[in-house]
$ cat my_file.txt   # compact mmCIF, C-alpha atoms
# COMPACT_ATOMS: atom_id res chain seq x y z
CA MET A 34 14.13 209.55 174.57
CA ALA A 35 16.60 208.57 177.28
CA SER A 36 18.34 205.24 177.23
CA PRO A 37 19.94 203.37 180.13
CA ARG A 38 22.79 202.40 177.79
CA PRO A 39 25.80 204.68 177.31
CA VAL A 40 25.35 207.07 174.40
CA ALA A 41 27.71 206.21 171.54
CA GLY A 42 26.54 209.01 169.27
CA VAL A 43 23.84 211.31 168.01
CA ILE A 44 22.06 211.68 164.70
CA VAL A 45 20.48 214.96 163.61
CA TYR A 46 18.11 214.92 160.67
CA VAL A 47 18.03 218.47 159.27
CA ILE A 48 14.81 219.63 157.62
CA ARG A 49 14.22 222.77 155.59
CA GLN A 50 11.04 224.11 154.01
CA PHE A 51 11.31 224.55 150.24
CA PRO A 52 8.58 226.26 148.16
CA ASP A 53 6.92 222.94 147.30
CA GLN A 54 7.75 220.71 150.28
CA ARG A 55 10.02 219.99 153.24
CA LYS A 56 13.31 218.23 152.49
CA VAL A 57 15.96 216.50 154.59
CA LEU A 58 19.70 217.15 154.32
CA PHE A 59 22.22 214.42 153.54
CA LEU A 60 25.99 214.97 153.67
CA LYS A 61 28.58 213.07 151.63
CA ARG A 62 31.47 211.87 153.82
CA SER A 63 34.87 212.98 152.52
CA GLY A 64 37.03 210.34 154.21
CA GLY A 65 37.34 207.42 156.57
CA GLN A 66 35.57 204.11 156.40
CA HIS A 67 32.39 205.78 155.12
CA LYS A 68 34.02 207.87 152.36
CA ASP A 69 31.51 208.86 149.65
CA VAL A 70 28.54 207.60 151.70
CA TRP A 71 25.59 209.91 152.30
CA TRP A 72 24.69 210.46 155.99
CA PRO A 73 22.70 212.84 158.15
CA VAL A 74 24.55 215.05 160.62
CA GLY A 75 26.00 212.93 163.40
CA GLY A 76 28.80 212.50 165.84
CA THR A 77 30.03 211.35 169.21
CA PRO A 78 29.79 213.15 172.54
CA GLU A 79 32.85 214.87 173.92
CA ALA A 80 33.76 214.20 177.57
CA GLY A 81 30.94 215.31 179.86
CA GLU A 82 28.69 216.36 176.99
CA GLU A 83 24.97 215.54 177.05
CA PRO A 84 23.34 214.27 173.80
CA LEU A 85 21.52 217.58 173.24
CA GLN A 86 24.80 219.50 173.50
CA THR A 87 26.43 217.04 171.09
CA ALA A 88 23.59 217.42 168.59
CA LEU A 89 23.76 221.22 168.63
CA ARG A 90 27.57 221.22 168.36
CA GLU A 91 27.65 218.68 165.51
CA LEU A 92 24.91 220.54 163.65
CA ARG A 93 26.88 223.79 163.89
CA GLU A 94 30.25 222.17 163.03
CA GLU A 95 29.05 220.09 160.08
CA THR A 96 26.59 222.53 158.48
CA GLY A 97 26.86 225.95 160.14
CA PHE A 98 23.19 225.72 161.17
CA ARG A 99 21.51 226.58 164.43
CA PRO A 100 18.03 225.07 164.65
CA ASP A 101 14.87 227.18 164.58
CA GLN A 102 13.14 224.21 166.21
CA LEU A 103 14.52 220.94 167.56
CA PHE A 104 12.62 217.72 168.20
CA SER A 105 13.29 214.32 169.66
CA PHE A 106 12.97 211.73 166.87
CA GLY A 107 10.49 209.75 168.97
CA MET A 108 11.93 206.38 167.95
CA GLU A 109 15.18 204.68 168.85
CA ILE A 110 17.62 203.85 166.07
CA PRO A 111 19.81 200.94 167.20
CA HIS A 112 23.57 201.32 167.34
CA ALA A 113 25.73 198.60 165.73
CA ASP A 114 26.84 197.75 169.29
CA SER A 115 23.58 196.87 171.07
CA SER A 116 25.10 197.75 174.46
CA LYS A 117 25.27 201.40 173.33
CA ALA A 118 22.63 203.92 172.32
CA LEU A 119 22.17 206.48 169.56
CA VAL A 120 20.11 209.55 170.37
CA THR A 121 18.31 211.02 167.38
CA PHE A 122 17.03 214.55 166.84
CA VAL A 123 15.24 216.44 164.07
CA ALA A 124 16.26 220.05 163.46
CA PHE A 125 14.20 222.49 161.42
CA VAL A 126 16.44 225.19 159.98
CA ASP A 127 15.97 228.55 158.28
CA ALA A 128 15.27 228.40 154.55
CA THR A 129 17.74 231.17 153.72
CA THR A 130 20.86 230.12 155.62
CA PRO A 131 23.38 228.42 153.29
CA VAL A 132 24.88 225.03 154.13
CA ALA A 133 28.49 225.52 155.33
CA LEU A 134 30.20 222.12 155.13
CA ASN A 135 33.25 221.34 157.24
CA TYR A 136 36.18 219.10 156.25
CA GLU A 137 34.25 215.91 157.07
CA HIS A 138 31.98 216.31 154.03
CA SER A 139 32.49 216.94 150.34
CA ASP A 140 28.92 217.57 149.17
CA TYR A 141 25.32 217.83 150.31
CA GLN A 142 21.85 217.16 148.95
CA TRP A 143 18.38 218.14 150.07
CA ARG A 144 16.09 215.15 149.50
CA SER A 145 12.34 214.75 149.64
CA GLY A 146 10.93 212.27 152.12
CA ALA A 147 10.42 209.65 149.39
CA GLU A 148 13.96 210.17 148.04
CA ALA A 149 15.38 209.78 151.56
CA VAL A 150 13.48 206.53 152.16
CA ASN A 151 14.54 205.14 148.79
CA GLN A 152 18.25 205.97 149.15
CA VAL A 153 18.92 204.03 152.37
CA PRO A 154 19.51 200.28 152.79
CA GLY A 155 16.51 198.11 153.62
CA HIS A 156 17.20 197.91 157.37
CA SER A 157 17.12 201.74 157.60
CA LYS A 158 13.93 202.36 155.62
CA LEU A 159 11.78 202.06 158.77
CA TYR A 160 13.56 205.05 160.35
CA LEU A 161 13.42 207.21 157.24
CA GLU A 162 9.74 206.37 156.80
CA HIS A 163 9.19 207.50 160.41
CA LEU A 164 11.02 210.74 159.58
CA ARG A 165 9.02 211.22 156.37
CA ALA A 166 5.64 210.57 157.99
CA GLY A 167 6.22 212.37 161.29
CA PHE A 168 8.31 215.38 160.26
CA ILE A 169 8.32 215.95 156.50
CA VAL A 170 4.77 215.36 155.21
CA SER A 171 3.11 216.37 158.48
CA SER A 172 3.96 218.60 161.40
CA PRO A 173 5.81 216.95 164.28
CA ALA A 174 4.02 216.11 167.51
CA ALA A 175 4.26 219.03 169.93
CA ASP A 176 5.35 216.78 172.79
CA LEU A 177 8.54 215.90 170.88
CA GLU A 178 9.72 219.53 170.73
CA ILE A 179 12.79 220.42 172.79
CA ASP A 180 12.83 223.86 174.40
CA LEU A 181 15.94 225.59 173.08
CA ASN A 182 15.50 228.48 175.53
CA PRO A 183 14.99 226.87 178.94
CA PRO A 184 14.46 229.27 181.86
CA HIS A 185 17.61 230.25 183.73
CA SER A 186 17.84 229.57 187.43
CA ASP A 187 19.26 232.36 189.54
$ encode --input "my_file.txt" --output "structure tokens"
Amino acid sequence: MASPRPVAGVIVYVIRQFPDQRKVLFLKRSGGQHKDVWWPVGGTPEAGEEPLQTALRELREETGFRPDQLFSFGMEIPHADSSKALVTFVAFVDATTPVALNYEHSDYQWRSGAEAVNQVPGHSKLYLEHLRAGFIVSSPAADLEIDLNPPHSD
């Protein structure tokens, strides 16, 4: 979902299939103004980087994951600065690959859709409910999938 506003950052909700249900990954920040707060994967674009490149880089840096499937979130999450945009993705990852945290995080938790909705502040529940309904308890819409292997031009 493209925005005419400059992109301030990306969010990547990471989903894994467990034996009983799908769960979403939350990471505990190890420092800065959000120390000890639980967040999804996220970050800011480097110079010249497109949001998709940022999402894939941040996912790899913060967790060690490469997505099996990647989707557009299908809903805009507002940035604190309304003149800027956040671009949000949902990554489905392999059930056997371990989480490999980097220095930015001290812990992680896999949470069910209901746990995710209930752990965020009131103004964020709408977005986590969208995630729960559209990606965790049901399969995501095919038109939201991002092709991770686009054809090469010669």
$ atom_distance --input "my_file.txt" --atom1 "CA of Ser139 in chain A" --atom2 "CA of Glu82 in chain A"
26.9 Å
$ residues_around --input "my_file.txt" --residues "range 87-103 of chain A" --least-positions-apart "5" --cutoff "6 Å" --atoms "all atoms listed in the file" --output "VMD selection string"
chain A and resid 78 123 to 126 132 to 135 178 to 179
$ closest_residue --input "my_file.txt" --among "A:Ala175, A:Val74, A:Val170, A:Met108" --to "His138 in chain A" --atoms "all atoms listed in the file"
A:Val74
$ closest_residue --input "my_file.txt" --among "A:Leu181, A:Val43, A:Leu60, A:Ile48" --to "Pro111 in chain A" --atoms "all atoms listed in the file"
A:Val43
$ atom_distance --input "my_file.txt" --atom1 "CA of Arg55 in chain A" --atom2 "CA of Gly76 in chain A"
23.8 Å
$ atom_distance --input "my_file.txt" --atom1 "CA of Leu58 in chain A" --atom2 "CA of Trp72 in chain A"
8.5 Å
$ residues_around --input "my_file.txt" --residues "Thr121 in chain A" --least-positions-apart "4" --cutoff "8 Å" --atoms "all atoms listed in the file" --output "PyMOL selection string"
chain A and resi 43-46+105-106+108-110
$ write_last_selection --input "my_file.txt" --atoms "C-alpha atoms" --output "mmCIF file, keeping the file's coordinate frame"
data_model
loop_
_atom_site.group_PDB
_atom_site.id
_atom_site.type_symbol
_atom_site.label_atom_id
_atom_site.label_comp_id
_atom_site.auth_asym_id
_atom_site.auth_seq_id
_atom_site.Cartn_x
_atom_site.Cartn_y
_atom_site.Cartn_z
ATOM 1 C CA VAL A 43 23.840 211.310 168.010
ATOM 2 C CA ILE A 44 22.060 211.680 164.700
ATOM 3 C CA VAL A 45 20.480 214.960 163.610
ATOM 4 C CA TYR A 46 18.110 214.920 160.670
ATOM 5 C CA SER A 105 13.290 214.320 169.660
ATOM 6 C CA PHE A 106 12.970 211.730 166.870
ATOM 7 C CA MET A 108 11.930 206.380 167.950
ATOM 8 C CA GLU A 109 15.180 204.680 168.850
ATOM 9 C CA ILE A 110 17.620 203.850 166.070
#
$ residues_around --input "my_file.txt" --residues "Ala41 in chain A" --least-positions-apart "6" --cutoff "10 Å" --atoms "only C-alpha atoms" --output "list in words"
Gly76, Thr77, Pro78, Pro84, His112, Ala113, Asp114, Ser116, Lys117, Ala118, Leu119 and Val120 of chain A
$ residues_near_point --input "my_file.txt" --point "(8.5, 217.4, 151.9)" --cutoff "12 Å" --atoms "all atoms listed in the file" --output "VMD selection string"
chain A and resid 48 to 58 143 to 150 164 to 172
$ build_atoms --input "my_file.txt" --residues "range 96-131 of chain A" --atoms "N, CA and C atoms" --output "compact mmCIF listing (two decimals), in the frame of the given file"
# COMPACT_ATOMS: atom_id res chain seq x y z
N THR A 96 27.42 221.81 159.45
CA THR A 96 26.59 222.53 158.48
C THR A 96 26.57 224.04 158.66
N GLY A 97 26.97 224.53 159.83
CA GLY A 97 26.86 225.95 160.14
C GLY A 97 25.49 226.35 160.65
N PHE A 98 24.55 225.42 160.75
CA PHE A 98 23.19 225.72 161.17
C PHE A 98 23.03 225.77 162.68
N ARG A 99 22.08 226.60 163.09
CA ARG A 99 21.51 226.58 164.43
C ARG A 99 20.03 226.33 164.20
N PRO A 100 19.43 225.41 164.94
CA PRO A 100 18.03 225.07 164.65
C PRO A 100 17.05 226.16 165.04
N ASP A 101 16.01 226.34 164.21
CA ASP A 101 14.87 227.18 164.58
C ASP A 101 14.01 226.41 165.57
N GLN A 102 13.86 225.11 165.33
CA GLN A 102 13.14 224.21 166.21
C GLN A 102 13.91 222.89 166.25
N LEU A 103 13.85 222.22 167.40
CA LEU A 103 14.52 220.94 167.56
C LEU A 103 13.55 219.97 168.22
N PHE A 104 13.54 218.74 167.71
CA PHE A 104 12.62 217.72 168.20
C PHE A 104 13.38 216.44 168.51
N SER A 105 12.85 215.70 169.46
CA SER A 105 13.29 214.32 169.66
C SER A 105 12.69 213.52 168.50
N PHE A 106 13.43 212.54 168.01
CA PHE A 106 12.97 211.73 166.87
C PHE A 106 11.76 210.88 167.25
N GLY A 107 11.65 210.51 168.51
CA GLY A 107 10.49 209.75 168.97
C GLY A 107 10.57 208.26 168.68
N MET A 108 11.73 207.80 168.26
CA MET A 108 11.93 206.38 167.95
C MET A 108 13.42 206.11 168.09
N GLU A 109 13.76 204.99 168.70
CA GLU A 109 15.18 204.68 168.85
C GLU A 109 15.73 204.00 167.60
N ILE A 110 16.88 204.48 167.16
CA ILE A 110 17.62 203.85 166.07
C ILE A 110 18.73 203.04 166.73
N PRO A 111 18.80 201.74 166.50
CA PRO A 111 19.81 200.94 167.20
C PRO A 111 21.22 201.25 166.72
N HIS A 112 22.15 201.19 167.66
CA HIS A 112 23.57 201.32 167.34
C HIS A 112 24.08 199.94 166.94
N ALA A 113 25.14 199.89 166.14
CA ALA A 113 25.73 198.60 165.73
C ALA A 113 26.12 197.76 166.95
N ASP A 114 26.52 198.42 168.03
CA ASP A 114 26.84 197.75 169.29
C ASP A 114 25.60 197.88 170.17
N SER A 115 24.86 196.80 170.36
CA SER A 115 23.58 196.87 171.07
C SER A 115 23.71 197.28 172.54
N SER A 116 24.93 197.30 173.07
CA SER A 116 25.10 197.75 174.46
C SER A 116 25.19 199.27 174.54
N LYS A 117 25.18 199.94 173.38
CA LYS A 117 25.27 201.40 173.33
C LYS A 117 24.04 201.98 172.65
N ALA A 118 23.82 203.26 172.86
CA ALA A 118 22.63 203.92 172.32
C ALA A 118 23.02 205.05 171.37
N LEU A 119 22.13 205.28 170.40
CA LEU A 119 22.17 206.48 169.56
C LEU A 119 20.99 207.35 169.99
N VAL A 120 21.20 208.64 170.07
CA VAL A 120 20.11 209.55 170.37
C VAL A 120 19.87 210.38 169.11
N THR A 121 18.62 210.41 168.67
CA THR A 121 18.31 211.02 167.38
C THR A 121 17.41 212.24 167.55
N PHE A 122 17.75 213.29 166.81
CA PHE A 122 17.03 214.55 166.84
C PHE A 122 16.62 214.93 165.43
N VAL A 123 15.65 215.85 165.34
CA VAL A 123 15.24 216.44 164.07
C VAL A 123 15.29 217.95 164.24
N ALA A 124 16.09 218.60 163.40
CA ALA A 124 16.26 220.05 163.46
C ALA A 124 15.62 220.70 162.26
N PHE A 125 14.75 221.67 162.49
CA PHE A 125 14.20 222.49 161.42
C PHE A 125 15.05 223.75 161.35
N VAL A 126 15.53 224.06 160.14
CA VAL A 126 16.44 225.19 159.98
C VAL A 126 15.86 226.22 159.01
N ASP A 127 16.38 227.42 159.10
CA ASP A 127 15.97 228.55 158.28
C ASP A 127 16.17 228.25 156.79
N ALA A 128 15.23 228.67 155.99
CA ALA A 128 15.27 228.40 154.55
C ALA A 128 16.29 229.24 153.81
N THR A 129 16.82 230.28 154.44
CA THR A 129 17.74 231.17 153.72
C THR A 129 19.21 230.98 154.09
N THR A 130 19.48 230.30 155.19
CA THR A 130 20.86 230.12 155.62
C THR A 130 21.54 229.07 154.73
N PRO A 131 22.70 229.40 154.14
CA PRO A 131 23.38 228.42 153.29
C PRO A 131 24.03 227.31 154.12
